[in-house]
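Quick notes on the structure that follows.
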Amino acid sequence: MATSNPRKKTIFLVRLMVIITTGYFILFSPSAGRGFEIYGYIFITVYLLTNLIVAYIPEKFFYDDKIFYGFVLCDSILLPAGIYFSGYVGSDLYLMFFFIISLTTISSRFGYLMINTVLFSVIYGWLLYEKGLLTGPEAVSYLIQIPFIIVIATFYGYLITTRLKDKDIRIHEVRERYEQIVQATDVLMCIVDHDGKFLFANQKLVKCYEYQDEKSLSGLTISQLHNEDEAEAEKSLNYVRSVYQNNDMAQYESYDKNHGVWFSHTLSPIRDPSTGGVFAVCIISKNITDRIEKEKKLNDTVELLIKTRDQLIQKDKMAALGRLASGIAHEIRNPLEIIYMGVDYLENNIPDDNPHIRESTEKIFNAVNRADNIIKNILSFSRQSEYKITQIPLCPLLDTVLTLAEQMIQKNGVSIQREYDNKLLEVAGDYNMLQQVFLNLVNNAVDAMKDSKEKILTIRAYKQLVTEVGYKTGYRRADFFSIGDEMIVVEISDTGKGIPEDALPKIFEPFFTTKTVNEGTGLGLSIAHMIMDRLSGTIDVESRENQGTTFFIKLQPTCKMTDVKEV
Amino acid sequence: MPKNIKVLIIDDEVDFCYFVKKNLMKDELFDVIIATNGQDGIDLAKNEEPDIILLDLFMPDMPGEDVADALKENTATADIPILFVTALASNDDIVDNEENKIGNNYILPKPIRTKKLIETIMKILSKP
C-alpha cells in the first residue's frame, strides 16, 4: 500500500511484521506437521483481509493519537495470537516479548535499545545453554528465539524513534514559527519576572537599547534600561508589580528621552496553568511617535481652525454690526440735526440775563455732539471709501503720530522709547488709515497708563520672516502673509494696567469698551482691525494684567495689489 | 445793504428746514424759501432765482446730485452756487477741507451751527 502518510505506513509495517512472524513460526515450529498450521494460515488470511479495511480508513483519522496507538496496541496483541495459532507455545518467549515492548517504550534512543537487546540476547542464549536446551531434539526451536528477539526489538525501536523524530520535527517547527514571529515583529518584546528581571527579550529590544545579544541582558532589570530617567524606571517597575497584583493586563505610554521616541507598553500576565497565578509578565512596547506627532499636528490644526473660525465669526459679526449701525446712524442723524438746529435757535434767542438757560443749552449741545461723534465713528467704520496704497516710510509716520499725540503724552507724564530696527523701513499702506490706527493705539496706551507708576510707551519697528501659521498667515492663496515671506512689524507697548483675560477676545468687537461713557465709543480698535484687513495686514494683542499690553501690527513690506481698490 | 440774500433750502426734513430758516432769518440779512423735495426745489429755483441753494444730498424722491445736475442744465439756474449739506460725511476728510468743496460743489457736513453756515454762505457768495 503506497501512502504518503507516515503513520498509516507505520501501521502497515506493524501488520507486515505480525504476518512475517506468524509465517516464521509456522515454518520453523517444533510442532510442525502436527496439524496446527491450518489455524496459522487462517489467521494470516483474516489478518490480510483486515488490512484491506485499514487501507480504506481515511488518512486524517491516523492523526488522532487515540486511533493510531489503538492500532499499534491491537496489532501488538495480535502478534502473540499469531504465534499461538502457529502452534509455537512457550511461556518464556511471551515473557521475552512483553519485556522487549516495555523496553522499547521507555527507550528514547535506538542505539541504546539495540545494545540492551544484544546484551539480553547473549544472557538469554547463555541461560538456554545452561539449561541444556540448545542440545537435544528441540535445540533448533530454542535457538531461533534469539534472532527473533533481535528482529522484534529492532522493529519496535525503529517504530519508537520515528515517532519521536516526527514529534521533534513538529515541536521544532512550532518553535521556529514562534521565534520568527517574535523576532520579525516591529515591536519590542520581553518577558520579565516579579523584580523586572529579563527572562527573555527579542532582537528588536536588544538592538534598541544597544546590547550585543539577548544574553547580555540576563541579570538586568527593566528599570536599568532607563538608567538616566529615574521616574520612568520607577514607573515601568510599578506597572510590572501592578500586573502581578491585579493579575490583569496593564497599558501605559511613555516618552524615551534617550531615543526621542514615544512608546505604548502593553503588559500581559503569563499565568501558571495549574494555579492561575502570575509567574511572569510579557511586555510589548510599540513605537507610537508617528501617531503622537500626528495627534499633536491634528490638535494644532484644530486649534488654528477654531481660532480662524472665531476670527471669521468676529469679522462677520463686525460687518453685520457695521451695516446695522450705519443704518441706524443715518436715521438718527436727521432728528439729531433738528435738535441741533433747534438748540442753536434757542441759544441765539436767550435773553442775556438768563445764564441758567445758556448753561442748559450748552449741555444739550454737548450731548448732541457726543451722539454725533459716535455716529461719525460708526459711519467711518462702515462707509465705503476709496483708499490709496503706496510705499510709506514707516519711521517718519510713527514720529508724526507721536507728535500728534504729544500733548496728551506730556500731560500724562509718559516717556517714549523708540526702537526702530532700521530708519529706512517702508510699508505698503494708506497713509491716513495707518496714521489713524497708530494714533488710536498710542492714545489707548497712554490711557491705560494713567494710574501706573511706570509710564513707558515703547514703539518698535522691525522686519521679520513669517515662520508660523496664524490668522491670515500660512500657505493659502487668500493669506496675507505666506510662510517664508517678509513682513514689517510695529509693536506698540505700554506699561499700563493691561487687559483682563476675559476681555481680550472682545477688544476688537465694535462698541466694546472699558472706558467710561465720555472717553470712548468702543469703535477705535474695531476700526483699526478693519483697516488692517483692508491693508492686507493683521493686528494682534498680548496683554498681562498690571504689567502692560503690546499690540503687534504686521504690515506688507511692498505693494502687492493694485494701488487703488474699491471696497 | 441793497437787498437781502435769498436762500433756497431743499431738504426733505421739514423741521430741519424750519430751524435753518428761523436761524437765518434772525439776522434779517437773509430771505429763506423752502422746498421739501427735489422737484419743488428745481421749480422754486427757476421761479425765485435765489442767490444760493442749500441742497440735501440724500432725499427719498431724488438724490441731491440729480437735483444739482438738473439745476446746472437749466440756464436760468446754472449759475446759482449750490451748498450741499449732508449727514453722511464722516469725520476728517471734508471737515478738514478748507475749501468746503468736493469737485465744483461746496459741501457742509451736518451738524451745522448757524454761525458756521452763515460764514460759509458769505464765503461762497464773496467769490467772483
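In the C-alpha cells, each chain is lettered A, B, ... as it comes, each chain's residues begin at 1, and ligands are numbered from 1 in order of appearance.
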Polymer residues at most 7 Å from Ala280 (chain A), only C-alpha atoms, same-chain spacing of 5 or more positions, as JSON, numbers by chain: {"A": [191, 192, 193, 194, 269, 270]}
Which residues come within 10 Å of Thr162 (chain A), counting only C-alpha atoms, excluding same-chain residues fewer than 4 positions away, as a PyMOL selection string? chain A and resi 6-7+10+110+156-158+166-168
Grab the residues selected above and save them as a compact mmCIF listing (two decimals), in the first residue's frame with N, CA and C atoms.
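Generated output (out20.txt):
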# COMPACT_ATOMS: atom_id res chain seq x y z
N PRO A 6 3.03 8.90 6.97
CA PRO A 6 3.96 8.04 7.68
C PRO A 6 3.28 7.22 8.77
N ARG A 7 2.22 7.71 9.33
CA ARG A 7 1.54 6.99 10.41
C ARG A 7 0.83 5.75 9.86
N THR A 10 3.30 3.25 9.11
CA THR A 10 3.75 2.56 10.32
C THR A 10 2.83 1.40 10.66
N PHE A 110 17.53 4.75 19.77
CA PHE A 110 17.58 3.48 19.06
C PHE A 110 18.87 2.71 19.40
N TYR A 156 10.52 -2.52 16.88
CA TYR A 156 9.88 -1.58 17.81
C TYR A 156 10.75 -0.35 18.05
N GLY A 157 12.05 -0.60 18.08
CA GLY A 157 12.99 0.53 18.23
C GLY A 157 12.82 1.52 17.09
N TYR A 158 12.75 0.94 15.87
CA TYR A 158 12.57 1.79 14.70
C TYR A 158 11.26 2.58 14.82
N ASP A 166 9.36 12.35 14.53
CA ASP A 166 8.19 13.03 13.98
C ASP A 166 7.74 14.14 14.93
N LYS A 167 7.67 13.79 16.21
CA LYS A 167 7.24 14.74 17.22
C LYS A 167 8.25 15.89 17.34
N ASP A 168 9.53 15.52 17.35
CA ASP A 168 10.59 16.52 17.44
C ASP A 168 10.49 17.54 16.32
Which chain A residues are at most 6 Å from chain B (counting only C-alpha atoms), as JSON, numbers by chain? {"A": [337, 338, 341, 342, 345, 376, 380]}
Can you pull out the residues contacting region 34-48 of chain B? Cut-off 12 Å, using only C-alpha atoms, and skip same-chain residues under 6 positions away; I want them as a ChimeraX atom specification. /B:5-22,54-82
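Our summary of the geometry notes that CA of Lys554 (chain A) is positioned 17.9 Å from CA of Asp399 (chain A).
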Based on the backbone DSSP call, show me all residues of region 187-318 of chain A assigned helix (DSSP H, G or I), as number ranges by chain. A: 203-208, 214-217, 222-226, 230-246, 289-318
One decimal, in Å: what's the spacing between CA of Glu130 (chain A) and CA of Thr22 (chain A)?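 Computed distance, CA of Glu130 (chain A) to CA of Thr22 (chain A), equals 28.0 Å.
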Using only C-alpha atoms, the best pick from B:Glu28, B:Ser126, B:Thr120, B:Pro50 as closest to Phe84 (chain B) would be B:Thr120
Extract, using only C-alpha atoms, all DNA, RNA and protein residues at most 12 Å from region 503-517 of chain A, discarding same-chain residues fewer than 3 positions from it, and format them as a short mmCIF file (atom, residue, chain, number, x, y, z; two decimals) with C-alpha atoms, in the first residue's frame.
data_model
loop_
_atom_site.label_atom_id
_atom_site.label_comp_id
_atom_site.auth_asym_id
_atom_site.auth_seq_id
_atom_site.Cartn_x
_atom_site.Cartn_y
_atom_site.Cartn_z
CA LYS A 307 -9.16 80.41 16.12
CA ASP A 310 -13.71 82.65 15.75
CA GLN A 311 -11.99 85.36 13.80
CA ILE A 313 -17.31 84.89 13.02
CA GLN A 314 -15.92 88.03 14.57
CA LYS A 315 -15.36 89.59 11.17
CA ASP A 316 -18.82 88.61 10.04
CA LYS A 317 -20.33 89.95 13.20
CA MET A 318 -18.45 93.18 12.78
CA ALA A 319 -19.58 93.56 9.20
CA ALA A 320 -23.21 92.90 10.13
CA LEU A 321 -22.98 95.25 13.06
CA GLY A 322 -21.37 97.83 10.84
CA ARG A 323 -24.24 97.67 8.35
CA LEU A 324 -26.82 97.81 11.09
CA ALA A 325 -25.04 100.63 12.86
CA ALA A 367 -24.86 115.70 24.41
CA ARG A 370 -21.32 113.29 21.68
CA ALA A 371 -24.04 111.41 19.88
CA ILE A 374 -20.42 108.22 17.79
CA ILE A 375 -22.29 108.40 14.53
CA ASN A 377 -17.21 106.88 14.02
CA ILE A 378 -19.81 104.35 13.02
CA PHE A 381 -16.36 102.24 10.33
CA SER A 382 -18.79 101.12 7.71
CA ASN A 444 -5.13 103.73 24.17
CA ASP A 447 -4.95 105.97 28.65
CA ALA A 448 -4.01 102.53 30.00
CA LYS A 497 -2.95 98.12 33.68
CA GLY A 498 -3.29 95.51 30.95
CA ILE A 499 -6.43 93.94 29.56
CA PRO A 500 -8.31 91.36 31.64
CA GLY A 520 -14.54 106.39 24.10
CA THR A 521 -17.05 104.94 21.74
CA GLY A 522 -15.63 101.41 21.66
CA LEU A 523 -15.02 101.67 17.97
CA GLY A 524 -11.32 102.56 17.80
CA LEU A 525 -9.89 99.06 17.82
CA SER A 526 -12.57 97.60 15.61
CA ILE A 527 -11.85 100.30 13.07
CA ALA A 528 -8.13 99.54 13.42
CA HIS A 529 -8.90 95.86 12.82
CA MET A 530 -10.97 96.65 9.77
CA ILE A 531 -8.33 98.95 8.38
CA MET A 532 -5.64 96.31 8.83
CA THR A 538 -3.01 91.92 10.79
CA ILE A 539 -3.30 93.28 14.30
CA ASP A 540 -2.69 91.13 17.36
CA VAL A 541 -2.55 91.78 21.04
CA GLU A 542 -0.72 90.35 24.01
CA SER A 543 -1.54 91.55 27.48
CA ARG A 544 -0.75 90.84 31.09
CA GLU A 545 -2.78 92.39 33.79
CA THR A 549 -0.20 95.47 26.76
CA THR A 550 1.55 95.08 23.44
CA PHE A 551 -0.14 95.44 20.07
#
I need the residue nearest Val54 (chain A) from this list: A:Leu336, A:Lys9, A:Arg534, A:Thr21. Use only C-alpha atoms for the distance.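 Looking only at the distances to Val54 (chain A), the closest residue turns out to be A:Lys9.
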Can you work out the spacing between CA of Lys297 (chain A) and CA of Leu465 (chain A) in Å, to one decimal?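 Result for CA of Lys297 (chain A) versus CA of Leu465 (chain A): 22.0 Å, one decimal.
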Which residues, written as number ranges by chain, have at least one atom at most 12 Å from Asp485 (chain A), with only C-alpha atoms counted and residues fewer than 6 positions away on the same chain left out? A: 463-469, 473-475, 479, 555-558
Which of chain B counts as strand (DSSP E) under DSSP, as a list in words please?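 So the strand (DSSP E) residues in chain B would be Ile5, Lys6, Val7, Leu8, Ile9, Ile10, Phe30, Asp31, Val32, Ile33, Ile34, Ala35, Ile52, Ile53, Leu54, Leu55, Asp56, Ile82, Leu83, Phe84, Val85, Thr86, Lys101, Ile102, Asn105, Tyr106, Ile107, Leu108 and Pro109 of chain B.
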Residues at most 8 Å from region 404-410 of chain A, counting only C-alpha atoms, excluding those fewer than 5 positions away in the same chain, as a ChimeraX atom specification? /A:415,439,442-443,446
Pull C-alpha atoms from the residues just selected and write them as a PDB file, in the first residue's frame.
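So the final result, stored in selection_14.pdb, reads:
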ATOM      1  CA  SER A 415       8.090 108.662  28.427  1.00  0.00           C
ATOM      2  CA  LEU A 439      -2.787 107.227  16.759  1.00  0.00           C
ATOM      3  CA  VAL A 442      -0.960 105.337  21.125  1.00  0.00           C
ATOM      4  CA  ASN A 443      -3.990 107.042  22.703  1.00  0.00           C
ATOM      5  CA  VAL A 446      -1.459 106.450  27.212  1.00  0.00           C
TER       6      VAL A 446
END
